[in-house]
Amino acid sequence: MGADRDVELILMKKMLKYQKMAIAEQLEKMKSSTRRDPEEVVREYLTERAKEVLEYAKAQYPELTREVVKKLAELIEKGTIREQLDAVTLLNIFRSIGVEVKLPTRIVIREGGRTISISEKLREE
């Protein structure tokens, strides 16, 4: 009678092991099917100015930017990146891999309570 009990315990342990494996497999399938677009994941962690930088990078280097976004999304999902990324950080990421993202530059002057561009200021003089 003790041997039957031992066999029953062994079978129950094996069944439990297989159930755990099946549940783990189902969880993995659910995770892979609910994966979001990497760009959506990254955009949640970007400041407004960083989102502009990302748009300029996509326009100038679409393939490379997709790869950078995938890697950033991976790091965010792993928990390596926990804070928002600002424009300077994003630019530095691109520069570190040898990519210079060109941004439009505007020089403005505040004068008499109003803001004017330098080209307007030079035209006035």
# chains A, B, ... in the order shown; residues from 1 in each chain; ligands from 1
$ residues_around --residues "Leu85 (chain A)" --least-positions-apart "5" --cutoff "12 Å" --atoms "only C-alpha atoms" --output "list of chain:residue names"
A:Val42, A:Arg43, A:Glu44, A:Tyr45, A:Leu46, A:Thr47, A:Glu48, A:Arg49, A:Ala50, A:Lys51, A:Val53, A:Leu54, A:Leu72, A:Ile76, A:Leu90, A:Leu91, A:Asn92, A:Ile93
$ write_last_selection --atoms "N, CA and C atoms" --output "PDB file, in the first residue's frame"
ATOM      1  N   VAL A  42       8.605  53.443 -27.046  1.00  0.00           N
ATOM      2  CA  VAL A  42       9.649  54.460 -26.886  1.00  0.00           C
ATOM      3  C   VAL A  42       9.035  55.845 -26.736  1.00  0.00           C
ATOM      4  N   ARG A  43       8.021  56.171 -27.513  1.00  0.00           N
ATOM      5  CA  ARG A  43       7.397  57.499 -27.461  1.00  0.00           C
ATOM      6  C   ARG A  43       6.868  57.836 -26.064  1.00  0.00           C
ATOM      7  N   GLU A  44       6.432  56.825 -25.315  1.00  0.00           N
ATOM      8  CA  GLU A  44       5.951  57.067 -23.952  1.00  0.00           C
ATOM      9  C   GLU A  44       7.064  57.578 -23.039  1.00  0.00           C
ATOM     10  N   TYR A  45       8.304  57.298 -23.395  1.00  0.00           N
ATOM     11  CA  TYR A  45       9.446  57.685 -22.569  1.00  0.00           C
ATOM     12  C   TYR A  45      10.191  58.907 -23.117  1.00  0.00           C
ATOM     13  N   LEU A  46       9.664  59.553 -24.148  1.00  0.00           N
ATOM     14  CA  LEU A  46      10.328  60.714 -24.741  1.00  0.00           C
ATOM     15  C   LEU A  46       9.654  62.010 -24.322  1.00  0.00           C
ATOM     16  N   THR A  47      10.467  63.046 -24.117  1.00  0.00           N
ATOM     17  CA  THR A  47       9.907  64.375 -23.899  1.00  0.00           C
ATOM     18  C   THR A  47       9.402  64.903 -25.246  1.00  0.00           C
ATOM     19  N   GLU A  48       8.696  66.013 -25.219  1.00  0.00           N
ATOM     20  CA  GLU A  48       8.157  66.570 -26.468  1.00  0.00           C
ATOM     21  C   GLU A  48       9.269  66.884 -27.469  1.00  0.00           C
ATOM     22  N   ARG A  49      10.321  67.500 -27.010  1.00  0.00           N
ATOM     23  CA  ARG A  49      11.431  67.844 -27.907  1.00  0.00           C
ATOM     24  C   ARG A  49      12.120  66.587 -28.442  1.00  0.00           C
ATOM     25  N   ALA A  50      12.212  65.560 -27.603  1.00  0.00           N
ATOM     26  CA  ALA A  50      12.824  64.298 -28.042  1.00  0.00           C
ATOM     27  C   ALA A  50      11.973  63.637 -29.124  1.00  0.00           C
ATOM     28  N   LYS A  51      10.650  63.797 -29.037  1.00  0.00           N
ATOM     29  CA  LYS A  51       9.774  63.262 -30.080  1.00  0.00           C
ATOM     30  C   LYS A  51      10.046  63.964 -31.417  1.00  0.00           C
ATOM     31  N   VAL A  53      12.962  65.241 -32.283  1.00  0.00           N
ATOM     32  CA  VAL A  53      14.261  64.709 -32.719  1.00  0.00           C
ATOM     33  C   VAL A  53      14.055  63.354 -33.389  1.00  0.00           C
ATOM     34  N   LEU A  54      13.207  62.520 -32.807  1.00  0.00           N
ATOM     35  CA  LEU A  54      12.931  61.203 -33.389  1.00  0.00           C
ATOM     36  C   LEU A  54      12.328  61.347 -34.789  1.00  0.00           C
ATOM     37  N   LEU A  72      15.886  50.528 -28.078  1.00  0.00           N
ATOM     38  CA  LEU A  72      15.407  51.322 -26.944  1.00  0.00           C
ATOM     39  C   LEU A  72      14.164  50.679 -26.333  1.00  0.00           C
ATOM     40  N   ILE A  76      13.631  49.435 -22.514  1.00  0.00           N
ATOM     41  CA  ILE A  76      12.516  49.933 -21.705  1.00  0.00           C
ATOM     42  C   ILE A  76      11.717  48.767 -21.139  1.00  0.00           C
ATOM     43  N   LEU A  90      18.718  61.651 -26.575  1.00  0.00           N
ATOM     44  CA  LEU A  90      18.429  60.956 -27.827  1.00  0.00           C
ATOM     45  C   LEU A  90      19.436  61.338 -28.912  1.00  0.00           C
ATOM     46  N   LEU A  91      19.763  62.615 -29.003  1.00  0.00           N
ATOM     47  CA  LEU A  91      20.788  63.043 -29.966  1.00  0.00           C
ATOM     48  C   LEU A  91      22.128  62.378 -29.670  1.00  0.00           C
ATOM     49  N   ASN A  92      22.469  62.280 -28.401  1.00  0.00           N
ATOM     50  CA  ASN A  92      23.736  61.640 -28.021  1.00  0.00           C
ATOM     51  C   ASN A  92      23.742  60.157 -28.358  1.00  0.00           C
ATOM     52  N   ILE A  93      22.592  59.505 -28.251  1.00  0.00           N
ATOM     53  CA  ILE A  93      22.510  58.097 -28.638  1.00  0.00           C
ATOM     54  C   ILE A  93      22.828  57.958 -30.122  1.00  0.00           C
TER      55      ILE A  93
END
$ select_by_dssp --residues "chain A" --states "strand (DSSP E)" --output "list in words"
Val108, Ile109, Arg110, Glu111, Arg114, Thr115, Ile116 and Ser117 of chain A
$ select_by_dssp --residues "chain A" --states "alpha helix (DSSP H)" --output "ChimeraX atom specification"
/A:2-33,38-43,48-60,62-78,87-96,118-124
$ write_last_selection --atoms "C-alpha atoms" --output "PDB file, in the first residue's frame"
ATOM      1  CA  GLY A   2       2.900   2.379   0.708  1.00  0.00           C
ATOM      2  CA  ALA A   3       4.307   1.720  -2.776  1.00  0.00           C
ATOM      3  CA  ASP A   4       1.009   2.746  -4.400  1.00  0.00           C
ATOM      4  CA  ARG A   5       1.087   5.953  -2.444  1.00  0.00           C
ATOM      5  CA  ASP A   6       4.672   6.672  -3.575  1.00  0.00           C
ATOM      6  CA  VAL A   7       3.765   6.024  -7.223  1.00  0.00           C
ATOM      7  CA  GLU A   8       0.734   8.276  -6.873  1.00  0.00           C
ATOM      8  CA  LEU A   9       2.900  11.068  -5.396  1.00  0.00           C
ATOM      9  CA  ILE A  10       5.431  10.739  -8.215  1.00  0.00           C
ATOM     10  CA  LEU A  11       2.663  10.913 -10.827  1.00  0.00           C
ATOM     11  CA  MET A  12       1.116  13.955  -9.158  1.00  0.00           C
ATOM     12  CA  LYS A  13       4.502  15.704  -9.076  1.00  0.00           C
ATOM     13  CA  LYS A  14       5.036  14.980 -12.782  1.00  0.00           C
ATOM     14  CA  MET A  15       1.534  16.225 -13.632  1.00  0.00           C
ATOM     15  CA  LEU A  16       2.178  19.406 -11.665  1.00  0.00           C
ATOM     16  CA  LYS A  17       5.486  19.894 -13.476  1.00  0.00           C
ATOM     17  CA  TYR A  18       3.787  19.528 -16.889  1.00  0.00           C
ATOM     18  CA  GLN A  19       1.000  21.888 -15.883  1.00  0.00           C
ATOM     19  CA  LYS A  20       3.550  24.516 -14.857  1.00  0.00           C
ATOM     20  CA  MET A  21       5.345  24.121 -18.191  1.00  0.00           C
ATOM     21  CA  ALA A  22       2.054  24.446 -20.094  1.00  0.00           C
ATOM     22  CA  ILE A  23       1.112  27.593 -18.159  1.00  0.00           C
ATOM     23  CA  ALA A  24       4.559  29.095 -18.755  1.00  0.00           C
ATOM     24  CA  GLU A  25       4.230  28.345 -22.475  1.00  0.00           C
ATOM     25  CA  GLN A  26       0.792  29.986 -22.600  1.00  0.00           C
ATOM     26  CA  LEU A  27       2.114  33.060 -20.788  1.00  0.00           C
ATOM     27  CA  GLU A  28       4.963  33.350 -23.280  1.00  0.00           C
ATOM     28  CA  LYS A  29       2.516  33.130 -26.179  1.00  0.00           C
ATOM     29  CA  MET A  30       0.343  35.816 -24.592  1.00  0.00           C
ATOM     30  CA  LYS A  31       3.345  38.093 -24.098  1.00  0.00           C
ATOM     31  CA  SER A  32       4.497  37.700 -27.682  1.00  0.00           C
ATOM     32  CA  SER A  33       1.005  38.285 -29.071  1.00  0.00           C
ATOM     33  CA  PRO A  38       8.369  49.485 -30.455  1.00  0.00           C
ATOM     34  CA  GLU A  39       7.866  53.101 -31.461  1.00  0.00           C
ATOM     35  CA  GLU A  40       4.795  53.390 -29.217  1.00  0.00           C
ATOM     36  CA  VAL A  41       6.792  52.019 -26.298  1.00  0.00           C
ATOM     37  CA  VAL A  42       9.649  54.460 -26.886  1.00  0.00           C
ATOM     38  CA  ARG A  43       7.397  57.499 -27.461  1.00  0.00           C
ATOM     39  CA  GLU A  48       8.157  66.570 -26.468  1.00  0.00           C
ATOM     40  CA  ARG A  49      11.431  67.844 -27.907  1.00  0.00           C
ATOM     41  CA  ALA A  50      12.824  64.298 -28.042  1.00  0.00           C
ATOM     42  CA  LYS A  51       9.774  63.262 -30.080  1.00  0.00           C
ATOM     43  CA  GLU A  52      10.675  66.007 -32.576  1.00  0.00           C
ATOM     44  CA  VAL A  53      14.261  64.709 -32.719  1.00  0.00           C
ATOM     45  CA  LEU A  54      12.931  61.203 -33.389  1.00  0.00           C
ATOM     46  CA  GLU A  55      10.827  62.528 -36.286  1.00  0.00           C
ATOM     47  CA  TYR A  56      13.836  64.284 -37.847  1.00  0.00           C
ATOM     48  CA  ALA A  57      15.923  61.130 -37.394  1.00  0.00           C
ATOM     49  CA  LYS A  58      13.231  59.016 -39.075  1.00  0.00           C
ATOM     50  CA  ALA A  59      13.103  61.416 -42.003  1.00  0.00           C
ATOM     51  CA  GLN A  60      16.880  61.405 -42.465  1.00  0.00           C
ATOM     52  CA  PRO A  62      14.596  55.644 -41.563  1.00  0.00           C
ATOM     53  CA  GLU A  63      16.206  52.173 -41.397  1.00  0.00           C
ATOM     54  CA  LEU A  64      18.747  53.065 -38.737  1.00  0.00           C
ATOM     55  CA  THR A  65      16.142  54.870 -36.656  1.00  0.00           C
ATOM     56  CA  ARG A  66      13.909  51.779 -36.703  1.00  0.00           C
ATOM     57  CA  GLU A  67      16.784  49.702 -35.328  1.00  0.00           C
ATOM     58  CA  VAL A  68      17.582  52.266 -32.611  1.00  0.00           C
ATOM     59  CA  VAL A  69      13.895  52.409 -31.625  1.00  0.00           C
ATOM     60  CA  LYS A  70      13.724  48.586 -31.422  1.00  0.00           C
ATOM     61  CA  LYS A  71      16.750  48.504 -29.130  1.00  0.00           C
ATOM     62  CA  LEU A  72      15.407  51.322 -26.944  1.00  0.00           C
ATOM     63  CA  ALA A  73      12.041  49.527 -26.680  1.00  0.00           C
ATOM     64  CA  GLU A  74      13.851  46.360 -25.580  1.00  0.00           C
ATOM     65  CA  LEU A  75      15.724  48.268 -22.889  1.00  0.00           C
ATOM     66  CA  ILE A  76      12.516  49.933 -21.705  1.00  0.00           C
ATOM     67  CA  GLU A  77      10.649  46.623 -21.529  1.00  0.00           C
ATOM     68  CA  LYS A  78      13.520  45.005 -19.609  1.00  0.00           C
ATOM     69  CA  ALA A  87      16.243  65.486 -26.754  1.00  0.00           C
ATOM     70  CA  VAL A  88      19.915  65.808 -25.780  1.00  0.00           C
ATOM     71  CA  THR A  89      20.087  62.188 -24.638  1.00  0.00           C
ATOM     72  CA  LEU A  90      18.429  60.956 -27.827  1.00  0.00           C
ATOM     73  CA  LEU A  91      20.788  63.043 -29.966  1.00  0.00           C
ATOM     74  CA  ASN A  92      23.736  61.640 -28.021  1.00  0.00           C
ATOM     75  CA  ILE A  93      22.510  58.097 -28.638  1.00  0.00           C
ATOM     76  CA  PHE A  94      22.485  58.757 -32.369  1.00  0.00           C
ATOM     77  CA  ARG A  95      25.873  60.490 -32.217  1.00  0.00           C
ATOM     78  CA  SER A  96      27.383  57.583 -30.300  1.00  0.00           C
ATOM     79  CA  ILE A 118      17.402  87.428 -36.128  1.00  0.00           C
ATOM     80  CA  SER A 119      16.520  87.774 -39.818  1.00  0.00           C
ATOM     81  CA  GLU A 120      13.698  90.191 -38.908  1.00  0.00           C
ATOM     82  CA  LYS A 121      16.057  92.127 -36.637  1.00  0.00           C
ATOM     83  CA  LEU A 122      18.624  92.464 -39.435  1.00  0.00           C
ATOM     84  CA  ARG A 123      15.921  93.620 -41.865  1.00  0.00           C
ATOM     85  CA  GLU A 124      14.825  96.339 -39.439  1.00  0.00           C
TER      86      GLU A 124
END
$ residues_around --residues "Val108 (chain A)" --least-positions-apart "4" --cutoff "7 Å" --atoms "only C-alpha atoms" --output "list in words"
Thr115, Ile116, Ser117 and Ile118 of chain A
